[in-house]
file entry01.cif (mmCIF, C-alpha atoms and all ligand atoms)
data_start
#
loop_
_atom_site.group_PDB
_atom_site.id
_atom_site.type_symbol
_atom_site.label_atom_id
_atom_site.label_comp_id
_atom_site.auth_asym_id
_atom_site.auth_seq_id
_atom_site.Cartn_x
_atom_site.Cartn_y
_atom_site.Cartn_z
ATOM 1 C CA MET F 1 35.729 -32.102 -15.972
ATOM 2 C CA ALA F 2 33.849 -32.775 -12.760
ATOM 3 C CA LYS F 3 31.036 -35.270 -13.007
ATOM 4 C CA ARG F 4 27.728 -33.489 -13.110
ATOM 5 C CA SER F 5 24.514 -34.787 -11.670
ATOM 6 C CA LEU F 6 21.663 -35.921 -13.879
ATOM 7 C CA LEU F 7 19.533 -33.028 -12.644
ATOM 8 C CA ALA F 8 22.251 -30.495 -13.489
ATOM 9 C CA GLU F 9 22.439 -31.958 -16.996
ATOM 10 C CA LYS F 10 18.679 -31.914 -17.447
ATOM 11 C CA LEU F 11 18.547 -28.315 -16.284
ATOM 12 C CA ASP F 12 21.210 -27.339 -18.814
ATOM 13 C CA GLU F 13 19.298 -29.151 -21.557
ATOM 14 C CA VAL F 14 16.078 -27.369 -20.682
ATOM 15 C CA LYS F 15 17.814 -23.982 -20.585
ATOM 16 C CA ASP F 16 19.385 -24.730 -23.928
ATOM 17 C CA ARG F 17 16.031 -25.657 -25.460
ATOM 18 C CA ILE F 18 14.502 -22.470 -24.012
ATOM 19 C CA ALA F 19 17.323 -20.434 -25.575
ATOM 20 C CA LYS F 20 16.871 -22.097 -28.960
ATOM 21 C CA ALA F 21 13.099 -21.564 -28.935
ATOM 22 C CA CYS F 22 13.721 -17.898 -28.058
ATOM 23 C CA ALA F 23 16.191 -17.608 -30.932
ATOM 24 C CA ARG F 24 13.637 -19.038 -33.372
ATOM 25 C CA ALA F 25 11.051 -16.565 -32.134
ATOM 26 C CA LYS F 26 13.579 -13.687 -32.042
ATOM 27 C CA ARG F 27 12.967 -13.216 -28.362
ATOM 28 C CA ASP F 28 15.359 -12.408 -25.519
ATOM 29 C CA PRO F 29 15.761 -15.507 -23.281
ATOM 30 C CA ALA F 30 15.699 -13.148 -20.284
ATOM 31 C CA GLU F 31 11.962 -12.719 -20.984
ATOM 32 C CA VAL F 32 11.294 -16.370 -20.177
ATOM 33 C CA THR F 33 11.364 -17.651 -16.602
ATOM 34 C CA LEU F 34 11.624 -21.338 -15.859
ATOM 35 C CA VAL F 35 9.251 -22.447 -13.113
ATOM 36 C CA ALA F 36 10.488 -25.832 -11.906
ATOM 37 C CA VAL F 37 7.396 -27.867 -11.046
ATOM 38 C CA THR F 38 8.397 -29.844 -7.978
ATOM 39 C CA LYS F 39 5.206 -31.813 -7.355
ATOM 40 C CA THR F 40 6.946 -35.099 -8.264
ATOM 41 C CA ALA F 41 10.421 -34.117 -7.017
ATOM 42 C CA ALA F 42 12.098 -35.540 -3.927
ATOM 43 C CA PRO F 43 13.193 -33.026 -1.266
ATOM 44 C CA GLU F 44 16.880 -33.501 -2.104
ATOM 45 C CA GLN F 45 16.166 -32.806 -5.783
ATOM 46 C CA ILE F 46 14.486 -29.561 -4.785
ATOM 47 C CA ARG F 47 17.444 -28.522 -2.645
ATOM 48 C CA GLU F 48 19.735 -29.341 -5.545
ATOM 49 C CA ILE F 49 17.822 -27.334 -8.117
ATOM 50 C CA LEU F 50 17.823 -24.376 -5.733
ATOM 51 C CA SER F 51 21.586 -24.678 -5.384
ATOM 52 C CA LEU F 52 21.775 -24.659 -9.196
ATOM 53 C CA GLY F 53 20.216 -21.203 -9.118
ATOM 54 C CA VAL F 54 16.550 -21.884 -9.901
ATOM 55 C CA ALA F 55 14.452 -19.556 -7.735
ATOM 56 C CA ASP F 56 10.940 -20.221 -9.085
ATOM 57 C CA LEU F 57 9.217 -23.384 -7.911
ATOM 58 C CA GLY F 58 5.708 -24.551 -8.787
ATOM 59 C CA GLU F 59 3.352 -26.804 -6.870
ATOM 60 C CA SER F 60 -0.188 -27.870 -7.695
ATOM 61 C CA ARG F 61 -1.479 -28.511 -4.175
ATOM 62 C CA VAL F 62 -1.823 -25.998 -1.399
ATOM 63 C CA GLN F 63 -0.769 -28.299 1.397
ATOM 64 C CA GLN F 64 2.370 -29.464 -0.353
ATOM 65 C CA LEU F 65 3.258 -25.908 -1.355
ATOM 66 C CA THR F 66 2.885 -24.499 2.147
ATOM 67 C CA GLN F 67 4.747 -27.389 3.803
ATOM 68 C CA ARG F 68 7.605 -27.280 1.348
ATOM 69 C CA ALA F 69 7.752 -23.511 1.491
ATOM 70 C CA ALA F 70 8.093 -23.597 5.264
ATOM 71 C CA GLN F 71 10.946 -26.130 5.074
ATOM 72 C CA LEU F 72 12.806 -24.828 2.066
ATOM 73 C CA ASN F 73 12.524 -21.105 2.785
ATOM 74 C CA GLU F 74 14.287 -21.917 6.037
ATOM 75 C CA PHE F 75 16.919 -23.976 4.166
ATOM 76 C CA VAL F 76 17.625 -21.117 1.771
ATOM 77 C CA SER F 77 17.893 -18.480 4.493
ATOM 78 C CA ARG F 78 20.228 -20.708 6.546
ATOM 79 C CA ARG F 79 22.516 -21.084 3.564
ATOM 80 C CA GLN F 80 22.455 -17.315 3.138
ATOM 81 C CA VAL F 81 23.551 -16.765 6.714
ATOM 82 C CA HIS F 82 26.199 -19.455 6.945
ATOM 83 C CA GLY F 83 27.427 -19.470 3.377
ATOM 84 C CA VAL F 84 27.397 -22.485 1.112
ATOM 85 C CA GLY F 85 28.444 -25.616 2.992
ATOM 86 C CA GLY F 86 31.152 -27.962 1.759
ATOM 87 C CA GLY F 87 30.467 -30.793 -0.630
ATOM 88 C CA GLY F 88 28.148 -29.616 -3.358
ATOM 89 C CA PRO F 89 29.043 -27.196 -6.103
ATOM 90 C CA ALA F 90 28.996 -23.667 -4.717
ATOM 91 C CA GLY F 91 25.995 -22.733 -6.798
ATOM 92 C CA PRO F 92 24.267 -19.373 -6.932
ATOM 93 C CA MET F 93 21.666 -20.152 -4.283
ATOM 94 C CA PRO F 94 18.788 -17.699 -4.671
ATOM 95 C CA ASP F 95 18.119 -15.258 -1.808
ATOM 96 C CA LYS F 96 14.506 -16.208 -1.740
ATOM 97 C CA ILE F 97 12.253 -18.842 -3.318
ATOM 98 C CA ARG F 98 9.330 -17.649 -5.401
ATOM 99 C CA TRP F 99 6.492 -20.157 -4.964
ATOM 100 C CA HIS F 100 3.984 -20.542 -7.780
ATOM 101 C CA MET F 101 0.583 -22.148 -7.247
ATOM 102 C CA ILE F 102 -0.236 -23.805 -10.581
ATOM 103 C CA GLY F 103 -2.986 -26.298 -9.729
ATOM 104 C CA HIS F 104 -6.696 -25.895 -9.268
ATOM 105 C CA LEU F 105 -7.404 -23.863 -6.150
ATOM 106 C CA GLN F 106 -10.414 -24.300 -3.901
ATOM 107 C CA ARG F 107 -11.749 -21.194 -2.247
ATOM 108 C CA ASN F 108 -11.386 -22.569 1.264
ATOM 109 C CA LYS F 109 -7.626 -23.013 0.680
ATOM 110 C CA ALA F 110 -7.048 -19.403 -0.322
ATOM 111 C CA LYS F 111 -6.322 -18.131 3.165
ATOM 112 C CA PRO F 112 -3.477 -20.527 4.143
ATOM 113 C CA LEU F 113 -1.879 -20.213 0.707
ATOM 114 C CA ILE F 114 -1.542 -16.433 0.586
ATOM 115 C CA PRO F 115 1.313 -15.997 3.093
ATOM 116 C CA PHE F 116 3.570 -18.287 1.034
ATOM 117 C CA VAL F 117 2.716 -17.718 -2.585
ATOM 118 C CA HIS F 118 4.437 -15.415 -5.066
ATOM 119 C CA LEU F 119 1.999 -15.938 -7.945
ATOM 120 C CA ILE F 120 -1.227 -17.900 -8.364
ATOM 121 C CA HIS F 121 -1.536 -19.131 -11.963
ATOM 122 C CA SER F 122 -4.883 -20.855 -11.702
ATOM 123 C CA VAL F 123 -7.600 -18.292 -11.002
ATOM 124 C CA ASP F 124 -10.542 -19.364 -13.111
ATOM 125 C CA SER F 125 -13.706 -17.937 -11.561
ATOM 126 C CA LEU F 126 -15.088 -14.727 -10.170
ATOM 127 C CA ARG F 127 -15.864 -16.361 -6.844
ATOM 128 C CA LEU F 128 -12.301 -17.556 -6.389
ATOM 129 C CA ALA F 129 -10.943 -14.120 -7.320
ATOM 130 C CA GLU F 130 -13.321 -12.499 -4.818
ATOM 131 C CA GLU F 131 -12.212 -14.825 -2.042
ATOM 132 C CA LEU F 132 -8.538 -14.145 -2.800
ATOM 133 C CA ASP F 133 -9.275 -10.427 -2.792
ATOM 134 C CA VAL F 134 -10.951 -10.569 0.624
ATOM 135 C CA GLN F 135 -8.270 -12.775 2.188
ATOM 136 C CA ALA F 136 -5.369 -10.828 0.713
ATOM 137 C CA GLU F 137 -6.780 -7.575 2.028
ATOM 138 C CA LYS F 138 -7.166 -9.108 5.485
ATOM 139 C CA GLN F 139 -3.516 -10.151 5.323
ATOM 140 C CA GLY F 140 -2.493 -6.703 4.139
ATOM 141 C CA LYS F 141 -1.293 -7.953 0.771
ATOM 142 C CA LYS F 142 -1.690 -7.213 -2.889
ATOM 143 C CA LEU F 143 -1.676 -10.676 -4.397
ATOM 144 C CA SER F 144 -0.406 -11.320 -7.924
ATOM 145 C CA ILE F 145 -2.586 -13.638 -9.980
ATOM 146 C CA LEU F 146 -3.008 -14.998 -13.475
ATOM 147 C CA LEU F 147 -6.335 -15.783 -15.054
ATOM 148 C CA GLN F 148 -6.411 -19.358 -16.333
ATOM 149 C CA VAL F 149 -7.927 -19.533 -19.786
ATOM 150 C CA ASN F 150 -9.255 -22.653 -21.450
ATOM 151 C CA GLY F 151 -7.460 -21.839 -24.674
ATOM 152 C CA SER F 152 -7.962 -25.237 -26.236
ATOM 153 C CA GLU F 153 -11.739 -24.895 -25.900
ATOM 154 C CA GLU F 154 -12.153 -28.588 -25.286
ATOM 155 C CA ALA F 155 -13.869 -30.100 -22.310
ATOM 156 C CA GLN F 156 -11.102 -29.258 -19.871
ATOM 157 C CA LYS F 157 -11.854 -29.255 -16.205
ATOM 158 C CA HIS F 158 -10.499 -25.823 -15.469
ATOM 159 C CA GLY F 159 -9.976 -22.453 -17.036
ATOM 160 C CA VAL F 160 -12.378 -19.710 -18.007
ATOM 161 C CA ALA F 161 -13.906 -19.928 -21.492
ATOM 162 C CA VAL F 162 -12.181 -17.814 -24.135
ATOM 163 C CA GLY F 163 -15.323 -15.750 -24.664
ATOM 164 C CA ALA F 164 -15.644 -14.895 -20.954
ATOM 165 C CA ALA F 165 -11.995 -14.105 -20.234
ATOM 166 C CA VAL F 166 -11.907 -10.379 -20.983
ATOM 167 C CA HIS F 167 -14.957 -9.585 -18.911
ATOM 168 C CA LEU F 168 -13.682 -11.587 -15.948
ATOM 169 C CA ALA F 169 -10.264 -9.920 -16.229
ATOM 170 C CA GLU F 170 -11.997 -6.553 -16.094
ATOM 171 C CA GLN F 171 -13.853 -7.513 -12.932
ATOM 172 C CA ILE F 172 -10.653 -8.776 -11.307
ATOM 173 C CA ASP F 173 -8.882 -5.579 -12.270
ATOM 174 C CA SER F 174 -11.189 -3.581 -10.014
ATOM 175 C CA MET F 175 -10.329 -5.632 -6.896
ATOM 176 C CA PRO F 176 -7.951 -3.911 -4.460
ATOM 177 C CA GLY F 177 -6.494 -7.090 -2.922
ATOM 178 C CA VAL F 178 -5.388 -8.765 -6.137
ATOM 179 C CA GLN F 179 -3.284 -7.684 -9.091
ATOM 180 C CA LEU F 180 -3.879 -9.296 -12.451
ATOM 181 C CA VAL F 181 -0.479 -9.819 -14.064
ATOM 182 C CA GLY F 182 -1.382 -12.067 -16.987
ATOM 183 C CA LEU F 183 -2.890 -15.282 -18.256
ATOM 184 C CA MET F 184 -2.208 -18.982 -17.916
ATOM 185 C CA ALA F 185 -3.171 -21.749 -20.309
ATOM 186 C CA MET F 186 -2.670 -25.464 -20.705
ATOM 187 C CA ALA F 187 -2.898 -27.402 -23.929
ATOM 188 C CA ALA F 188 -3.047 -30.495 -21.775
ATOM 189 C CA HIS F 189 -4.852 -33.119 -23.750
ATOM 190 C CA GLU F 190 -3.653 -32.110 -27.173
ATOM 191 C CA THR F 191 -1.124 -34.157 -29.093
ATOM 192 C CA GLU F 192 -1.109 -32.377 -32.459
ATOM 193 C CA PRO F 193 1.507 -29.600 -32.477
ATOM 194 C CA ASP F 194 -0.809 -27.393 -34.536
ATOM 195 C CA ARG F 195 -3.634 -27.713 -32.047
ATOM 196 C CA ILE F 196 -1.276 -27.003 -29.172
ATOM 197 C CA ARG F 197 -0.117 -23.901 -30.998
ATOM 198 C CA VAL F 198 -3.681 -22.711 -31.562
ATOM 199 C CA ALA F 199 -4.478 -23.012 -27.845
ATOM 200 C CA PHE F 200 -1.456 -20.860 -27.012
ATOM 201 C CA SER F 201 -1.917 -18.310 -29.764
ATOM 202 C CA ARG F 202 -5.562 -17.865 -28.797
ATOM 203 C CA THR F 203 -4.490 -17.179 -25.222
ATOM 204 C CA ARG F 204 -1.973 -14.688 -26.510
ATOM 205 C CA GLU F 205 -4.710 -12.920 -28.502
ATOM 206 C CA ILE F 206 -6.723 -12.490 -25.314
ATOM 207 C CA PHE F 207 -3.599 -11.109 -23.657
ATOM 208 C CA GLU F 208 -3.228 -8.568 -26.484
ATOM 209 C CA GLU F 209 -6.876 -7.635 -26.117
ATOM 210 C CA LEU F 210 -6.422 -7.033 -22.375
ATOM 211 C CA LYS F 211 -3.392 -4.870 -23.102
ATOM 212 C CA TRP F 212 -5.277 -2.909 -25.722
ATOM 213 C CA ASN F 213 -8.009 -2.258 -23.155
ATOM 214 C CA LYS F 214 -5.378 -1.395 -20.501
ATOM 215 C CA ILE F 215 -6.711 -4.097 -18.171
ATOM 216 C CA GLY F 216 -4.021 -4.814 -15.590
ATOM 217 C CA GLY F 217 -2.111 -1.717 -16.716
ATOM 218 C CA THR F 218 1.662 -2.021 -16.741
ATOM 219 C CA HIS F 219 1.447 -5.056 -14.465
ATOM 220 C CA LEU F 220 0.009 -7.151 -17.265
ATOM 221 C CA ARG F 221 3.091 -8.890 -18.618
ATOM 222 C CA HIS F 222 2.905 -12.640 -18.097
ATOM 223 C CA LEU F 223 1.805 -15.565 -20.200
ATOM 224 C CA SER F 224 2.222 -18.826 -18.303
ATOM 225 C CA MET F 225 2.144 -21.448 -21.036
ATOM 226 C CA GLY F 226 4.091 -24.591 -21.745
ATOM 227 C CA MET F 227 4.966 -27.777 -19.887
ATOM 228 C CA SER F 228 7.529 -30.513 -20.530
ATOM 229 C CA ASN F 229 5.930 -31.669 -23.749
ATOM 230 C CA ASP F 230 5.097 -28.312 -25.316
ATOM 231 C CA PHE F 231 7.189 -25.494 -23.821
ATOM 232 C CA GLU F 232 9.038 -24.716 -27.033
ATOM 233 C CA ILE F 233 5.804 -24.088 -28.916
ATOM 234 C CA ALA F 234 4.604 -21.979 -25.982
ATOM 235 C CA ILE F 235 7.751 -19.835 -26.112
ATOM 236 C CA GLU F 236 7.307 -19.331 -29.834
ATOM 237 C CA GLU F 237 3.790 -18.116 -29.024
ATOM 238 C CA GLY F 238 4.942 -15.640 -26.382
ATOM 239 C CA ALA F 239 5.196 -17.505 -23.055
ATOM 240 C CA THR F 240 7.054 -15.664 -20.285
ATOM 241 C CA LEU F 241 6.667 -18.432 -17.679
ATOM 242 C CA VAL F 242 7.157 -22.099 -18.566
ATOM 243 C CA ARG F 243 6.141 -24.727 -16.004
ATOM 244 C CA ILE F 244 8.383 -27.749 -16.304
ATOM 245 C CA GLY F 245 8.329 -30.828 -14.093
ATOM 246 C CA SER F 246 8.900 -34.309 -15.510
ATOM 247 C CA THR F 247 11.628 -33.331 -17.976
ATOM 248 C CA LEU F 248 13.708 -32.073 -15.059
ATOM 249 C CA PHE F 249 12.849 -34.483 -12.298
ATOM 250 C CA GLY F 250 11.880 -37.579 -14.237
ATOM 251 C CA GLY F 251 8.859 -39.749 -13.728
ATOM 252 C CA THR F 252 5.229 -38.858 -13.596
ATOM 253 C CA SER F 253 2.833 -38.992 -10.712
ATOM 254 C CA GLN F 254 -0.851 -39.585 -10.161
ATOM 255 C CA ASP F 255 -1.017 -35.851 -9.926
ATOM 256 C CA HIS F 256 0.353 -35.404 -13.400
ATOM 257 C CA GLU F 257 -2.205 -33.688 -15.575
ATOM 258 C CA GLY F 258 -0.171 -33.370 -18.758
ATOM 259 C CA LEU F 259 0.892 -35.711 -21.501
ATOM 260 C CA GLU F 260 3.734 -38.121 -21.299
ATOM 261 C CA GLU F 261 6.376 -37.886 -23.947
HETATM 262 C C1 LIG X 301 2.249 -30.897 -13.472
HETATM 263 C C2 LIG X 301 2.015 -29.612 -14.093
HETATM 264 C C3 LIG X 301 2.987 -29.026 -14.916
HETATM 265 C C4 LIG X 301 4.298 -29.702 -15.251
HETATM 266 O O1 LIG X 301 4.061 -30.753 -16.139
HETATM 267 P P1 LIG X 301 5.250 -31.618 -16.765
HETATM 268 O O2 LIG X 301 4.611 -32.238 -17.952
HETATM 269 O O3 LIG X 301 5.660 -32.588 -15.712
HETATM 270 O O4 LIG X 301 6.339 -30.689 -17.137
HETATM 271 C C5 LIG X 301 2.711 -27.777 -15.447
HETATM 272 N N1 LIG X 301 1.560 -27.133 -15.195
HETATM 273 C C6 LIG X 301 0.591 -27.665 -14.428
HETATM 274 C C7 LIG X 301 -0.658 -26.896 -14.205
HETATM 275 C C8 LIG X 301 0.789 -28.922 -13.849
HETATM 276 O O5 LIG X 301 -0.179 -29.443 -13.088
#
call {"tool": "encode", "arguments": {"input": "entry01.cif", "output": "C-alpha cells"}}
result
Amino acid sequence: MAKRSLLAEKLDEVKDRIAKACARAKRDPAEVTLVAVTKTAAPEQIREILSLGVADLGESRVQQLTQRAAQLNEFVSRRQVHGVGGGGPAGPMPDKIRWHMIGHLQRNKAKPLIPFVHLIHSVDSLRLAEELDVQAEKQGKKLSILLQVNGSEEAQKHGVAVGAAVHLAEQIDSMPGVQLVGLMAMAAHETEPDRIRVAFSRTREIFEELKWNKIGGTHLRHLSMGMSNDFEIAIEEGATLVRIGSTLFGGTSQDHEGLEE
C-alpha cells in the first residue's frame, strides 16, 4: 500500500469519527459537511487538503481569507484546466472552493469580504447584518449568513443572547441583500461534555423555533456547531457544518479560540 501523508490519515480519521457520530444519532453522513479551518495551516497543507477532495475551507480573519482565496481559487482553476499534475495522488480536486468566514467580523471589513465568501457564520448583531445587506446589494449579491448564538450563555465575547436570537433572525429575514440559512454556536470555554451538549441543544431549539415560525423559509437548514474537541457531540445534537482545524492540521495558534485536547 502506498504511504499516505499524515494529513490524509487525519482526514480519514475525522471522516470516520463524523460517520460514527452520525450512526449514533441515526443521521445520514451526507447531511454533515466538514469545513476545514485553515487558519493555522501552511499553504502546502491547504493545497493538499483540496487535492484530497475537501471543498469547504474556513478562516477567521478577513485579510487571510481574501488573500488565500485569491491564491487558491487560481490554483484550483489551473488544475481544472490542465488536469492533475504528476506526483501527488490524483485526488478529486473540487471545481471551486467554498470559503467560510467563521471569526468575528467588523463592519468595515464587510465590503472586501463579500466577493470571496460563500457563507458568513459569525453574524451577531443587527448593525453588522445591516451593513452586509447594504454592501451585498451594492455588489449585486444575495449573501448567505448564519446568526451566531451564544448558546452557552456564559460571558463569551461574541454571539447574540439566546433570548434575543429569534427577534434578530426575524429582522435579518426581511433584508433583501442577505439570506439567513441557519445558526452557528461555539461551546468554546466549556470542558464538561454535558455543558457542551446543552449549549448545542439550546442552539438547536432556537433553530426549531425559527423553522416553526418559517423564518428563513426553506433556506433555513444549517447548524454550524462543533470544533476539534467537540464535533461529535455537535453532530449528535444536529450539526450540519463542523469547523475543524487543529485535529487536521496540528498545532494551535495565537488565533485559536477553542480548547486544546
Ligand atoms: C479556530 C476555530 C475553529 C477550529 O478550531 P479547532 O479547535 O482548531 O478545530 C472553529 N471555529 C471557530 C470559530 C474558530 O475560530
call {"tool": "residues_around", "arguments": {"input": "entry01.cif", "residues": "Leu11 of chain F", "least_positions_apart": "4", "cutoff": "10 Å", "atoms": "all atoms listed in the file", "output": "NGL selection string"}}
result
:F and (5-7 or 15-17 or 34 or 36 or 49 or 52 or 54 or 247-249)
call {"tool": "closest_residue", "arguments": {"input": "entry01.cif", "among": "F:Leu128, F:Ile215, F:Leu72, F:Ile120", "to": "ligand LIG 301 (chain X)", "atoms": "only C-alpha atoms and all ligand atoms"}}
result
F:Ile120
call {"tool": "resolve_selection", "arguments": {"input": "entry01.cif", "expression": "the PyMOL selection byres (((chain F and resi 235) around 8) and not hetatm)", "output": "compact mmCIF listing (two decimals) with C-alpha atoms, in the coordinates of the input"}}
result
# COMPACT_ATOMS: atom_id res chain seq x y z
CA ILE F 18 14.50 -22.47 -24.01
CA ALA F 21 13.10 -21.56 -28.94
CA CYS F 22 13.72 -17.90 -28.06
CA ALA F 25 11.05 -16.57 -32.13
CA VAL F 32 11.29 -16.37 -20.18
CA MET F 225 2.14 -21.45 -21.04
CA GLY F 226 4.09 -24.59 -21.74
CA PHE F 231 7.19 -25.49 -23.82
CA GLU F 232 9.04 -24.72 -27.03
CA ILE F 233 5.80 -24.09 -28.92
CA ALA F 234 4.60 -21.98 -25.98
CA GLU F 236 7.31 -19.33 -29.83
CA GLU F 237 3.79 -18.12 -29.02
CA GLY F 238 4.94 -15.64 -26.38
CA ALA F 239 5.20 -17.50 -23.06
CA THR F 240 7.05 -15.66 -20.28
CA VAL F 242 7.16 -22.10 -18.57
call {"tool": "atom_distance", "arguments": {"input": "entry01.cif", "atom1": "atom CA of Val160 of chain F", "atom2": "atom CA of Glu31 of chain F"}}
result
25.5 Å
call {"tool": "closest_residue", "arguments": {"input": "entry01.cif", "among": "F:Lys20, F:Arg197, F:Arg79, F:His121", "to": "ligand LIG 301 (chain X)", "atoms": "only C-alpha atoms and all ligand atoms"}}
result
F:His121
call {"tool": "residues_near_ligand", "arguments": {"input": "entry01.cif", "ligand": "ligand LIG 301 (chain X)", "cutoff": "10 Å", "atoms": "only C-alpha atoms and all ligand atoms", "output": "PyMOL selection string"}}
result
chain F and resi 35-40+58-61+101-104+121-122+148+158+184-188+224-231+242-261
call {"tool": "residues_around", "arguments": {"input": "entry01.cif", "residues": "Val76 of chain F", "least_positions_apart": "4", "cutoff": "7 Å", "atoms": "only C-alpha atoms", "output": "PDB file with C-alpha atoms, keeping the file's coordinate frame"}}
result
ATOM      1  CA  LEU F  72      12.806 -24.828   2.066  1.00  0.00           C
ATOM      2  CA  GLN F  80      22.455 -17.315   3.138  1.00  0.00           C
ATOM      3  CA  ASP F  95      18.119 -15.258  -1.808  1.00  0.00           C
ATOM      4  CA  LYS F  96      14.506 -16.208  -1.740  1.00  0.00           C
TER       5      LYS F  96
END
call {"tool": "resolve_selection", "arguments": {"input": "entry01.cif", "expression": "the PyMOL selection byres (((chain F and resi 131) around 12) and not hetatm)", "output": "MDAnalysis selection string"}}
result
chainID F and resid 105:111 113:114 123 125:130 132:138 143 172 175:178
call {"tool": "decode", "arguments": {"input": "entry01.cif", "residues": "segment 184-199 of chain F", "atoms": "N, CA, C and O atoms", "output": "compact mmCIF listing (two decimals), in the first residue's frame"}}
result
# COMPACT_ATOMS: atom_id res chain seq x y z
N MET F 184 -25.09 29.48 14.11
CA MET F 184 -23.77 28.99 14.49
C MET F 184 -23.63 29.13 16.00
O MET F 184 -24.17 30.06 16.58
N ALA F 185 -22.94 28.18 16.61
CA ALA F 185 -22.66 28.30 18.03
C ALA F 185 -21.31 27.68 18.36
O ALA F 185 -20.85 26.77 17.68
N MET F 186 -20.71 28.21 19.41
CA MET F 186 -19.46 27.66 19.93
C MET F 186 -19.71 27.30 21.39
O MET F 186 -20.38 28.03 22.10
N ALA F 187 -19.12 26.21 21.81
CA ALA F 187 -19.17 25.88 23.24
C ALA F 187 -17.78 26.11 23.81
O ALA F 187 -17.31 25.38 24.68
N ALA F 188 -17.12 27.13 23.28
CA ALA F 188 -15.68 27.30 23.42
C ALA F 188 -15.10 27.02 24.79
O ALA F 188 -14.24 26.20 24.93
N HIS F 189 -15.54 27.66 25.81
CA HIS F 189 -14.78 27.53 27.05
C HIS F 189 -15.33 26.47 28.00
O HIS F 189 -15.02 26.45 29.17
N GLU F 190 -16.12 25.59 27.45
CA GLU F 190 -16.66 24.50 28.25
C GLU F 190 -15.71 23.31 28.22
O GLU F 190 -15.06 23.03 27.23
N THR F 191 -15.66 22.57 29.30
CA THR F 191 -14.90 21.33 29.29
C THR F 191 -15.80 20.13 29.59
O THR F 191 -15.51 19.02 29.17
N GLU F 192 -16.89 20.37 30.31
CA GLU F 192 -17.79 19.27 30.67
C GLU F 192 -18.63 18.88 29.46
O GLU F 192 -19.35 19.71 28.93
N PRO F 193 -18.58 17.60 29.06
CA PRO F 193 -19.38 17.19 27.90
C PRO F 193 -20.87 17.56 28.03
O PRO F 193 -21.49 17.96 27.05
N ASP F 194 -21.41 17.47 29.23
CA ASP F 194 -22.83 17.78 29.40
C ASP F 194 -23.13 19.25 29.14
O ASP F 194 -24.17 19.60 28.59
N ARG F 195 -22.19 20.10 29.55
CA ARG F 195 -22.42 21.54 29.34
C ARG F 195 -22.23 21.89 27.87
O ARG F 195 -22.89 22.78 27.34
N ILE F 196 -21.31 21.21 27.22
CA ILE F 196 -21.14 21.41 25.78
C ILE F 196 -22.45 21.02 25.07
O ILE F 196 -22.96 21.75 24.23
N ARG F 197 -22.97 19.88 25.47
CA ARG F 197 -24.19 19.38 24.84
C ARG F 197 -25.35 20.36 25.03
O ARG F 197 -26.14 20.60 24.11
N VAL F 198 -25.46 20.92 26.22
CA VAL F 198 -26.54 21.87 26.49
C VAL F 198 -26.43 23.09 25.57
O VAL F 198 -27.42 23.56 25.01
N ALA F 199 -25.20 23.59 25.39
CA ALA F 199 -25.02 24.76 24.51
C ALA F 199 -25.50 24.44 23.09
O ALA F 199 -26.16 25.26 22.45
